[in-house]
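Read the structure below first, then the notes.
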Amino acid sequence: MKNLQIINNKRGETLIAVVFVTFVCIMITVYIFYYLFNIINVFICYEKLNNIALKYMFILERFGYITAEEKKEMVNDLTSNGFDEENITINVPTLKSKFGEKLELSIEYKFRLDSIIVNNVFSKETEYINLKVKKACYNKI
């Protein structure tokens with residue numbers, strides 16, 4: 001009779017251990033997916049910046065400069081794609097250039113990367129990553 005009680009107690013402890021191990025595995029999986037999503041999001045934002053820079057590079061190549069209105073439109077395109085206006089820095093030529101002169105367009109964005117740090121407790125850390133897209137062409141007019 002005493003042996004049966006020992007077996008019953010071990011079964012109960014096993015059930016508690018299975019629930020605990022499952023919970024820990026789920027938490028680790030959620031942490032890994034959250035971290036991977038943040039890393040992939042950096043690459044997605046870089047590609048969005050690259051596409052917008054390419055769009056305005058064609059204008060720059062064709063006319064030799066970008067007007068203030070086109071620069072505002074570029075900022076509007078960036079904000080409509082989810083970028084914060086205060087974290088954007090745009091460097092473009094605003095004066096007409098000569099034929100064959102090298103033209104450069106650069107867009108910098110401070111990307112906010114949130115990460116969860118596991119110390120004794122969970123804490124959130126914010127880090128800024130500078131994304132920079134730089135394009136160059138030659139004036140064709």
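Note on naming: chains are A, B, ... as they come in the structure tokens, residues start from 1 per chain, ligands start from 1 in the order shown.
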
Selection: 12 Å around segment 77-90 of chain A, only C-alpha atoms, excl. self and same-chain fewer than 2 positions, as a ChimeraX atom specification:
/A:41-42,44-53,55-56,66,68,70-75,92-94,104-112,128-135

Could the residues in this selection be written to a file with C-alpha atoms, as an mmCIF file, in the first residue's frame?
data_model
loop_
_atom_site.group_PDB
_atom_site.id
_atom_site.type_symbol
_atom_site.label_atom_id
_atom_site.label_comp_id
_atom_site.auth_asym_id
_atom_site.auth_seq_id
_atom_site.Cartn_x
_atom_site.Cartn_y
_atom_site.Cartn_z
ATOM 1 C CA ASN A 41 11.662 44.679 -39.702
ATOM 2 C CA VAL A 42 15.013 46.510 -40.044
ATOM 3 C CA ILE A 44 12.009 45.751 -44.575
ATOM 4 C CA CYS A 45 12.465 49.405 -43.590
ATOM 5 C CA TYR A 46 15.779 49.548 -45.441
ATOM 6 C CA GLU A 47 14.125 48.211 -48.597
ATOM 7 C CA LYS A 48 11.334 50.805 -48.307
ATOM 8 C CA LEU A 49 13.951 53.556 -47.986
ATOM 9 C CA ASN A 50 15.819 52.150 -50.967
ATOM 10 C CA ASN A 51 12.691 52.100 -53.168
ATOM 11 C CA ILE A 52 11.776 55.696 -52.295
ATOM 12 C CA ALA A 53 15.367 56.834 -52.919
ATOM 13 C CA LYS A 55 12.075 56.814 -57.246
ATOM 14 C CA TYR A 56 13.483 60.264 -56.532
ATOM 15 C CA ILE A 66 15.109 68.396 -56.626
ATOM 16 C CA ALA A 68 11.507 72.062 -52.316
ATOM 17 C CA GLU A 70 9.559 67.417 -54.444
ATOM 18 C CA LYS A 71 11.525 67.197 -51.206
ATOM 19 C CA LYS A 72 8.289 67.716 -49.233
ATOM 20 C CA GLU A 73 6.662 65.042 -51.373
ATOM 21 C CA MET A 74 9.569 62.713 -50.567
ATOM 22 C CA VAL A 75 9.041 63.319 -46.841
ATOM 23 C CA VAL A 92 19.831 66.209 -52.058
ATOM 24 C CA PRO A 93 21.116 68.869 -54.461
ATOM 25 C CA THR A 94 18.687 71.758 -54.681
ATOM 26 C CA GLU A 104 24.150 62.217 -54.795
ATOM 27 C CA LEU A 105 21.005 61.513 -52.861
ATOM 28 C CA SER A 106 21.154 60.216 -49.320
ATOM 29 C CA ILE A 107 18.382 59.383 -46.899
ATOM 30 C CA GLU A 108 19.184 58.591 -43.267
ATOM 31 C CA TYR A 109 16.691 57.193 -40.812
ATOM 32 C CA LYS A 110 17.079 56.432 -37.115
ATOM 33 C CA PHE A 111 15.245 53.134 -36.724
ATOM 34 C CA ARG A 112 13.955 52.382 -33.250
ATOM 35 C CA TYR A 128 18.484 53.264 -32.395
ATOM 36 C CA ILE A 129 19.997 51.927 -35.612
ATOM 37 C CA ASN A 130 21.033 54.340 -38.366
ATOM 38 C CA LEU A 131 19.767 53.196 -41.750
ATOM 39 C CA LYS A 132 21.435 55.043 -44.596
ATOM 40 C CA VAL A 133 20.613 54.799 -48.291
ATOM 41 C CA LYS A 134 22.997 56.578 -50.630
ATOM 42 C CA LYS A 135 22.455 56.779 -54.389
#

Any chance you could list, as a ChimeraX atom specification, the residues in chain A that come up strand (DSSP E or B) when DSSP is run on the backbone?
/A:88-91,102-118,122-138

Could you take the residues named above and write them with N, CA and C atoms, as a short mmCIF file (atom, residue, chain, number, x, y, z; two decimals), in the first residue's frame?
data_model
loop_
_atom_site.label_atom_id
_atom_site.label_comp_id
_atom_site.auth_asym_id
_atom_site.auth_seq_id
_atom_site.Cartn_x
_atom_site.Cartn_y
_atom_site.Cartn_z
N ILE A 88 14.10 61.46 -39.85
CA ILE A 88 14.53 61.41 -41.25
C ILE A 88 15.49 62.57 -41.54
N THR A 89 16.59 62.25 -42.22
CA THR A 89 17.51 63.28 -42.71
C THR A 89 17.72 63.05 -44.20
N ILE A 90 17.45 64.09 -45.01
CA ILE A 90 17.56 63.97 -46.47
C ILE A 90 18.59 64.97 -46.98
N ASN A 91 19.54 64.47 -47.77
CA ASN A 91 20.53 65.33 -48.41
C ASN A 91 20.41 65.16 -49.93
N LYS A 102 28.27 64.71 -61.11
CA LYS A 102 27.80 63.64 -60.22
C LYS A 102 26.82 64.21 -59.21
N LEU A 103 25.68 63.53 -59.10
CA LEU A 103 24.62 63.92 -58.16
C LEU A 103 24.45 62.81 -57.13
N GLU A 104 24.32 63.20 -55.87
CA GLU A 104 24.15 62.22 -54.80
C GLU A 104 22.89 62.51 -54.01
N LEU A 105 22.20 61.45 -53.69
CA LEU A 105 21.00 61.51 -52.86
C LEU A 105 21.23 60.59 -51.68
N SER A 106 21.03 61.09 -50.48
CA SER A 106 21.15 60.22 -49.32
C SER A 106 19.98 60.44 -48.37
N ILE A 107 19.47 59.36 -47.88
CA ILE A 107 18.38 59.38 -46.90
C ILE A 107 18.87 58.60 -45.68
N GLU A 108 18.82 59.25 -44.52
CA GLU A 108 19.18 58.59 -43.27
C GLU A 108 17.95 58.51 -42.39
N TYR A 109 17.82 57.38 -41.71
CA TYR A 109 16.69 57.19 -40.81
C TYR A 109 17.17 56.52 -39.54
N LYS A 110 16.76 57.05 -38.40
CA LYS A 110 17.08 56.43 -37.12
C LYS A 110 15.95 55.47 -36.78
N PHE A 111 16.25 54.18 -36.96
CA PHE A 111 15.25 53.13 -36.72
C PHE A 111 15.26 52.75 -35.25
N ARG A 112 14.09 52.74 -34.66
CA ARG A 112 13.96 52.38 -33.25
C ARG A 112 13.79 50.87 -33.13
N LEU A 113 14.73 50.24 -32.44
CA LEU A 113 14.71 48.79 -32.25
C LEU A 113 14.46 48.50 -30.78
N ASP A 114 13.31 47.91 -30.50
CA ASP A 114 12.96 47.53 -29.13
C ASP A 114 13.33 46.07 -28.92
N SER A 115 13.98 45.78 -27.82
CA SER A 115 14.33 44.40 -27.52
C SER A 115 14.01 44.12 -26.06
N ILE A 116 13.68 42.88 -25.80
CA ILE A 116 13.36 42.44 -24.44
C ILE A 116 14.62 41.81 -23.87
N ILE A 117 15.00 42.26 -22.69
CA ILE A 117 16.17 41.71 -22.03
C ILE A 117 15.69 40.90 -20.83
N VAL A 118 16.23 39.70 -20.72
CA VAL A 118 15.84 38.81 -19.63
C VAL A 118 16.96 38.82 -18.59
N PHE A 122 11.88 40.70 -16.73
CA PHE A 122 11.86 41.13 -18.13
C PHE A 122 11.92 42.66 -18.17
N SER A 123 12.78 43.19 -19.01
CA SER A 123 12.84 44.63 -19.20
C SER A 123 12.97 44.93 -20.69
N LYS A 124 12.53 46.10 -21.07
CA LYS A 124 12.54 46.50 -22.47
C LYS A 124 13.64 47.52 -22.68
N GLU A 125 14.45 47.30 -23.71
CA GLU A 125 15.54 48.21 -24.03
C GLU A 125 15.32 48.76 -25.43
N THR A 126 15.50 50.08 -25.58
CA THR A 126 15.34 50.73 -26.87
C THR A 126 16.71 51.13 -27.40
N GLU A 127 16.94 50.79 -28.65
CA GLU A 127 18.21 51.08 -29.30
C GLU A 127 17.89 51.69 -30.66
N TYR A 128 18.70 52.64 -31.09
CA TYR A 128 18.48 53.26 -32.39
C TYR A 128 19.55 52.79 -33.37
N ILE A 129 19.10 52.37 -34.55
CA ILE A 129 20.00 51.93 -35.61
C ILE A 129 19.90 52.93 -36.76
N ASN A 130 21.03 53.40 -37.24
CA ASN A 130 21.03 54.34 -38.37
C ASN A 130 20.98 53.57 -39.69
N LEU A 131 19.90 53.77 -40.41
CA LEU A 131 19.77 53.20 -41.75
C LEU A 131 20.10 54.30 -42.74
N LYS A 132 21.02 54.03 -43.64
CA LYS A 132 21.43 55.04 -44.60
C LYS A 132 21.40 54.47 -46.00
N VAL A 133 20.67 55.16 -46.88
CA VAL A 133 20.61 54.80 -48.29
C VAL A 133 21.28 55.93 -49.06
N LYS A 134 22.27 55.58 -49.86
CA LYS A 134 23.00 56.58 -50.63
C LYS A 134 22.99 56.14 -52.09
N LYS A 135 22.52 57.03 -52.95
CA LYS A 135 22.46 56.78 -54.39
C LYS A 135 23.23 57.87 -55.12
N ALA A 136 23.81 57.51 -56.24
CA ALA A 136 24.56 58.48 -57.05
C ALA A 136 24.26 58.26 -58.52
N CYS A 137 24.25 59.34 -59.26
CA CYS A 137 24.07 59.28 -60.71
C CYS A 137 24.76 60.50 -61.32
N TYR A 138 24.69 60.59 -62.64
CA TYR A 138 25.26 61.72 -63.35
C TYR A 138 24.15 62.46 -64.06
#

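Reported to one decimal place, the separation of atom CA of Lys96 of chain A from atom CA of Met57 of chain A is 14.4 Å.
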
DSSP helix (DSSP H, G or I) residues within chain A, as a PyMOL selection string:
chain A and resi 2-63+68-80+85-87

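Checking A:Leu54, A:Leu60, A:Leu15, A:Ile32 one by one against Glu101 of chain A, counting only C-alpha atoms, you find the shortest gap at A:Leu60.
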